[in-house]
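Engineer: I'm passing along upload-v3.cif; it holds mmCIF, C-alpha atoms, pLDDT in the B column; chains and numbers go by the auth columns.
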```cif
data_entry
loop_
_atom_site.group_PDB
_atom_site.id
_atom_site.type_symbol
_atom_site.label_atom_id
_atom_site.label_comp_id
_atom_site.label_asym_id
_atom_site.label_seq_id
_atom_site.Cartn_x
_atom_site.Cartn_y
_atom_site.Cartn_z
_atom_site.B_iso_or_equiv
_atom_site.auth_seq_id
_atom_site.auth_asym_id
ATOM 1 C CA MET A 1 -85.380 128.126 157.349 76.00 1 A
ATOM 2 C CA LYS A 2 -86.498 128.220 160.967 93.00 2 A
ATOM 3 C CA ASN A 3 -89.272 130.376 162.403 96.00 3 A
ATOM 4 C CA GLU A 4 -90.896 130.420 165.844 97.00 4 A
ATOM 5 C CA MET A 5 -93.858 131.985 167.633 97.00 5 A
ATOM 6 C CA LYS A 6 -95.266 131.860 171.146 98.00 6 A
ATOM 7 C CA LEU A 7 -98.712 132.925 172.305 97.00 7 A
ATOM 8 C CA GLU A 8 -100.402 132.924 175.675 97.00 8 A
ATOM 9 C CA PHE A 9 -104.132 133.497 175.976 97.00 9 A
ATOM 10 C CA ASP A 10 -106.975 133.159 178.458 96.00 10 A
ATOM 11 C CA ALA A 11 -108.382 129.650 178.820 96.00 11 A
ATOM 12 C CA ILE A 12 -111.834 130.510 177.496 94.00 12 A
ATOM 13 C CA SER A 13 -113.706 128.831 174.658 92.00 13 A
ATOM 14 C CA ALA A 14 -113.737 131.986 172.514 93.00 14 A
ATOM 15 C CA ASN A 15 -109.957 131.718 172.145 96.00 15 A
ATOM 16 C CA GLU A 16 -110.050 128.271 170.541 95.00 16 A
ATOM 17 C CA SER A 17 -110.856 129.802 167.150 95.00 17 A
ATOM 18 C CA PHE A 18 -108.154 132.451 167.688 96.00 18 A
ATOM 19 C CA ALA A 19 -105.558 129.703 168.222 97.00 19 A
ATOM 20 C CA ARG A 20 -106.635 127.878 165.046 95.00 20 A
ATOM 21 C CA VAL A 21 -106.348 130.987 162.904 96.00 21 A
ATOM 22 C CA ALA A 22 -103.067 132.105 164.490 97.00 22 A
ATOM 23 C CA VAL A 23 -101.397 128.779 163.738 97.00 23 A
ATOM 24 C CA ALA A 24 -102.797 128.714 160.189 97.00 24 A
ATOM 25 C CA ALA A 25 -101.450 132.213 159.546 97.00 25 A
ATOM 26 C CA PHE A 26 -98.080 131.283 161.049 97.00 26 A
ATOM 27 C CA PHE A 27 -97.401 128.329 158.768 96.00 27 A
ATOM 28 C CA ALA A 28 -98.912 129.914 155.633 95.00 28 A
ATOM 29 C CA GLU A 29 -95.355 130.718 154.536 93.00 29 A
ATOM 30 C CA LEU A 30 -94.948 126.997 153.734 95.00 30 A
ATOM 31 C CA ASP A 31 -97.687 127.255 151.076 94.00 31 A
ATOM 32 C CA PRO A 32 -99.770 124.430 152.572 95.00 32 A
ATOM 33 C CA THR A 33 -102.640 122.755 150.763 94.00 33 A
ATOM 34 C CA LEU A 34 -106.188 123.370 151.962 95.00 34 A
ATOM 35 C CA GLU A 35 -106.176 119.850 153.388 95.00 35 A
ATOM 36 C CA GLU A 36 -102.989 120.507 155.365 96.00 36 A
ATOM 37 C CA ILE A 37 -104.453 123.752 156.732 96.00 37 A
ATOM 38 C CA SER A 38 -107.651 121.976 157.739 95.00 38 A
ATOM 39 C CA ASP A 39 -105.752 119.096 159.377 95.00 39 A
ATOM 40 C CA VAL A 40 -103.570 121.411 161.471 96.00 40 A
ATOM 41 C CA LYS A 41 -106.456 123.684 162.445 96.00 41 A
ATOM 42 C CA THR A 42 -108.498 120.672 163.586 93.00 42 A
ATOM 43 C CA ALA A 43 -105.632 119.265 165.662 95.00 43 A
ATOM 44 C CA VAL A 44 -104.924 122.657 167.274 97.00 44 A
ATOM 45 C CA SER A 45 -108.617 123.123 167.994 94.00 45 A
ATOM 46 C CA GLU A 46 -108.804 119.751 169.747 91.00 46 A
ATOM 47 C CA ALA A 47 -105.671 120.379 171.827 94.00 47 A
ATOM 48 C CA VAL A 48 -106.763 123.865 172.927 96.00 48 A
ATOM 49 C CA THR A 49 -110.309 122.699 173.674 92.00 49 A
ATOM 50 C CA ASN A 50 -108.936 119.856 175.817 90.00 50 A
ATOM 51 C CA ALA A 51 -106.778 122.323 177.765 93.00 51 A
ATOM 52 C CA ILE A 52 -109.746 124.602 178.413 93.00 52 A
ATOM 53 C CA ILE A 53 -112.450 122.014 179.144 87.00 53 A
ATOM 54 C CA HIS A 54 -110.473 119.245 180.805 85.00 54 A
ATOM 55 C CA GLY A 55 -107.263 120.857 181.996 87.00 55 A
ATOM 56 C CA TYR A 56 -108.827 123.856 183.676 92.00 56 A
ATOM 57 C CA GLU A 57 -112.250 122.561 184.721 84.00 57 A
ATOM 58 C CA GLY A 58 -113.408 124.583 187.711 79.00 58 A
ATOM 59 C CA MET A 59 -110.354 126.847 187.630 85.00 59 A
ATOM 60 C CA GLU A 60 -110.491 130.546 186.821 87.00 60 A
ATOM 61 C CA ASP A 61 -108.032 133.053 185.372 92.00 61 A
ATOM 62 C CA LYS A 62 -105.874 130.432 183.687 96.00 62 A
ATOM 63 C CA LYS A 63 -103.781 130.607 180.518 97.00 63 A
ATOM 64 C CA VAL A 64 -103.091 128.312 177.589 97.00 64 A
ATOM 65 C CA ARG A 65 -99.664 128.547 175.984 97.00 65 A
ATOM 66 C CA LEU A 66 -99.162 127.859 172.296 98.00 66 A
ATOM 67 C CA HIS A 67 -95.669 127.435 170.869 98.00 67 A
ATOM 68 C CA CYS A 68 -95.042 126.814 167.168 98.00 68 A
ATOM 69 C CA ILE A 69 -91.816 126.165 165.303 97.00 69 A
ATOM 70 C CA ILE A 70 -91.229 125.782 161.603 97.00 70 A
ATOM 71 C CA ASP A 71 -88.001 123.988 160.824 95.00 71 A
ATOM 72 C CA ASP A 72 -87.512 123.375 157.123 91.00 72 A
ATOM 73 C CA LYS A 73 -90.937 122.022 156.074 93.00 73 A
ATOM 74 C CA VAL A 74 -91.930 120.627 159.485 96.00 74 A
ATOM 75 C CA LEU A 75 -94.456 122.424 161.662 97.00 75 A
ATOM 76 C CA GLN A 76 -94.265 121.680 165.368 98.00 76 A
ATOM 77 C CA VAL A 77 -97.141 122.804 167.583 98.00 77 A
ATOM 78 C CA GLU A 78 -97.128 122.620 171.362 98.00 78 A
ATOM 79 C CA VAL A 79 -100.190 123.365 173.510 97.00 79 A
ATOM 80 C CA VAL A 80 -99.587 123.622 177.255 97.00 80 A
ATOM 81 C CA ASP A 81 -101.856 124.053 180.258 95.00 81 A
ATOM 82 C CA GLU A 82 -101.009 124.085 183.948 96.00 82 A
ATOM 83 C CA GLY A 83 -104.255 122.486 185.013 92.00 83 A
ATOM 84 C CA HIS A 84 -105.400 119.207 186.514 92.00 84 A
ATOM 85 C CA GLY A 85 -103.320 116.878 184.348 90.00 85 A
ATOM 86 C CA ILE A 86 -104.419 113.536 182.938 85.00 86 A
ATOM 87 C CA GLU A 87 -104.587 110.546 185.252 81.00 87 A
ATOM 88 C CA ASP A 88 -104.142 107.899 182.525 71.00 88 A
ATOM 89 C CA VAL A 89 -102.804 109.264 179.217 72.00 89 A
ATOM 90 C CA ASP A 90 -103.093 105.913 177.417 71.00 90 A
ATOM 91 C CA LYS A 91 -106.761 105.615 178.384 66.00 91 A
ATOM 92 C CA ALA A 92 -107.441 109.263 177.463 68.00 92 A
ATOM 93 C CA MET A 93 -106.025 108.620 173.986 66.00 93 A
ATOM 94 C CA GLU A 94 -108.435 105.756 173.278 67.00 94 A
ATOM 95 C CA PRO A 95 -111.141 106.567 170.723 59.00 95 A
ATOM 96 C CA MET A 96 -114.512 107.357 172.303 54.00 96 A
ATOM 97 C CA PHE A 97 -113.101 107.738 175.826 57.00 97 A
ATOM 98 C CA THR A 98 -114.387 110.864 177.538 60.00 98 A
ATOM 99 C CA THR A 99 -114.584 112.100 181.096 58.00 99 A
ATOM 100 C CA LYS A 100 -117.292 114.588 180.075 58.00 100 A
ATOM 101 C CA PRO A 101 -120.175 112.656 178.468 55.00 101 A
ATOM 102 C CA GLU A 102 -122.624 115.154 179.999 56.00 102 A
ATOM 103 C CA LEU A 103 -121.067 117.872 177.809 57.00 103 A
ATOM 104 C CA ASN A 104 -121.566 115.758 174.684 53.00 104 A
ATOM 105 C CA ARG A 105 -117.809 115.281 174.313 55.00 105 A
ATOM 106 C CA SER A 106 -117.123 112.592 171.696 56.00 106 A
ATOM 107 C CA GLY A 107 -113.843 111.310 173.117 56.00 107 A
ATOM 108 C CA MET A 108 -112.178 111.798 169.729 60.00 108 A
ATOM 109 C CA GLY A 109 -109.835 114.705 170.531 70.00 109 A
ATOM 110 C CA PHE A 110 -106.591 112.751 170.789 79.00 110 A
ATOM 111 C CA PRO A 111 -107.529 110.316 167.973 78.00 111 A
ATOM 112 C CA PHE A 112 -108.192 113.313 165.688 80.00 112 A
ATOM 113 C CA MET A 113 -104.858 114.892 166.634 88.00 113 A
ATOM 114 C CA GLU A 114 -103.141 111.601 165.930 88.00 114 A
ATOM 115 C CA ALA A 115 -104.926 111.151 162.580 88.00 115 A
ATOM 116 C CA PHE A 116 -104.365 114.681 161.270 93.00 116 A
ATOM 117 C CA MET A 117 -100.753 115.166 162.379 95.00 117 A
ATOM 118 C CA ASP A 118 -97.660 113.064 161.654 95.00 118 A
ATOM 119 C CA GLU A 119 -96.569 112.836 165.299 95.00 119 A
ATOM 120 C CA LEU A 120 -98.337 113.273 168.638 93.00 120 A
ATOM 121 C CA GLU A 121 -96.831 113.235 172.110 95.00 121 A
ATOM 122 C CA VAL A 122 -98.805 113.854 175.300 94.00 122 A
ATOM 123 C CA ILE A 123 -96.970 114.529 178.554 94.00 123 A
ATOM 124 C CA SER A 124 -99.077 115.027 181.660 93.00 124 A
ATOM 125 C CA THR A 125 -98.591 115.191 185.404 93.00 125 A
ATOM 126 C CA LEU A 126 -101.518 115.201 187.822 93.00 126 A
ATOM 127 C CA GLY A 127 -101.892 118.580 189.472 92.00 127 A
ATOM 128 C CA GLN A 128 -99.336 120.211 187.176 94.00 128 A
ATOM 129 C CA GLY A 129 -100.828 120.143 183.694 95.00 129 A
ATOM 130 C CA THR A 130 -100.474 118.746 180.213 95.00 130 A
ATOM 131 C CA ARG A 131 -98.180 119.360 177.251 97.00 131 A
ATOM 132 C CA VAL A 132 -99.365 118.231 173.802 96.00 132 A
ATOM 133 C CA ARG A 133 -96.693 118.188 171.081 97.00 133 A
ATOM 134 C CA MET A 134 -97.648 117.640 167.464 96.00 134 A
ATOM 135 C CA LYS A 135 -95.653 117.662 164.234 97.00 135 A
ATOM 136 C CA LYS A 136 -96.665 117.757 160.597 96.00 136 A
ATOM 137 C CA LYS A 137 -94.515 117.822 157.486 95.00 137 A
ATOM 138 C CA ILE A 138 -96.004 120.354 155.094 95.00 138 A
ATOM 139 C CA GLY A 139 -95.846 119.900 151.344 86.00 139 A
ATOM 140 C CA CYS A 140 -95.343 116.158 151.243 68.00 140 A
ATOM 141 C CA THR A 141 -98.351 115.541 148.982 55.00 141 A
ATOM 142 C CA PRO A 142 -97.200 113.286 146.149 53.00 142 A
ATOM 143 C CA TRP A 143 -97.118 114.780 142.691 48.00 143 A
ATOM 144 C CA ILE A 144 -99.378 113.209 140.100 48.00 144 A
ATOM 145 C CA GLN A 145 -97.861 113.332 136.642 48.00 145 A
ATOM 146 C CA ASP A 146 -99.798 113.005 133.449 50.00 146 A
ATOM 147 C CA GLU A 147 -98.433 110.318 131.230 51.00 147 A
ATOM 148 C CA ASP A 148 -97.598 111.541 127.734 48.00 148 A
#
```
Translate this file's structure into structure tokens.
Structural biologist:
Amino acid sequence: MKNEMKLEFDAISANESFARVAVAAFFAELDPTLEEISDVKTAVSEAVTNAIIHGYEGMEDKKVRLHCIIDDKVLQVEVVDEGHGIEDVDKAMEPMFTTKPELNRSGMGFPFMEAFMDELEVISTLGQGTRVRMKKKIGCTPWIQDED
């Protein structure tokens, strides 16, 4: 079964929690575990927060686009901004790297996305924005059988 949703919302911090809940509600049909829900919500939160704080720093009246697809048991989430872009994606993906230490940013956004999702792709062009694509297979927790 395939299902798809698209959302566009203002690039303000209050909408980060909205995005988390919207994605969780969208893939609830797959009967995810609490751990899978938490993993996806954390990854979405990090991607949306990056778009708002880093992508649109100093810009007003901007939008974040969220696109989700369920195909079989795979959830694909895409978060897109049309902001500043990332100068060095490889460097930005390093643990503890942050361009905003004054905002107490930990530099763990991309590492968390990578850890909690099965796939992560970051495409960015300076002056044009960033596209973060993530995938997670839902329901792949191994069964534990009791031995008789």
Engineer: Quick one: apply the PyMOL selection byres ((chain A and resi 35) around 12) to the file and drop the selected residues here as a ChimeraX atom specification.
Structural biologist: /A:24,31-34,36-42,116-117,138-141
Engineer: Once the PyMOL selection byres ((chain A and resi 17) around 10) has been evaluated on this model, what residues remain selected, and can you format them as a PyMOL selection string?
Structural biologist: chain A and resi 13-16+18-22+41+44-45+48-49
Engineer: So what does the PyMOL selection byres ((chain A and resi 64-78) around 6) actually pick up in this one, as number ranges by chain?
Structural biologist: A: 1-9, 11, 63, 79-81, 132-138
Engineer: Find, counting all atoms listed in the file, the residue in A:Gln128, A:Pro111, A:Asp10, A:Phe27 that gets nearest to Lys62 in chain A.
Structural biologist: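 Of the candidates, the smallest distance to Lys62 in chain A is held by A:Asp10.
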Engineer: Looking at only C-alpha atoms, which of A:Glu82, A:Ala43, A:Phe26, A:Ala51 is the one that sits closest to Glu119 in chain A?
Structural biologist: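 For Glu119 in chain A, the nearest of the candidates is A:Ala43.
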Engineer: Just to confirm, what's the straight-line distance from CA of Glu46 in chain A to CA of Gly58 in chain A in Å (one decimal)?
Structural biologist: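 These atoms are spaced 19.2 Å apart.
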Engineer: Using all atoms listed in the file, which of the listed residues (A:Ala115, A:Ile123, A:Thr130, A:Leu30) sits closest to His54 in chain A?
Structural biologist: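 Ranking A:Ala115, A:Ile123, A:Thr130, A:Leu30 by distance to His54 in chain A, first place goes to A:Thr130.
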Engineer: Record the distance separating CA of Gly129 in chain A and CA of Ala25 in chain A, expressed in Å with one decimal.
Structural biologist: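 Result for CA of Gly129 in chain A versus CA of Ala25 in chain A: 27.0 Å, one decimal.
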Engineer: Could you jot down the CA of Tyr56 in chain A to CA of Ile12 in chain A separation for me, Å, one decimal place?
Structural biologist: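 About the pair CA of Tyr56 in chain A and CA of Ile12 in chain A: they are 9.6 Å apart.
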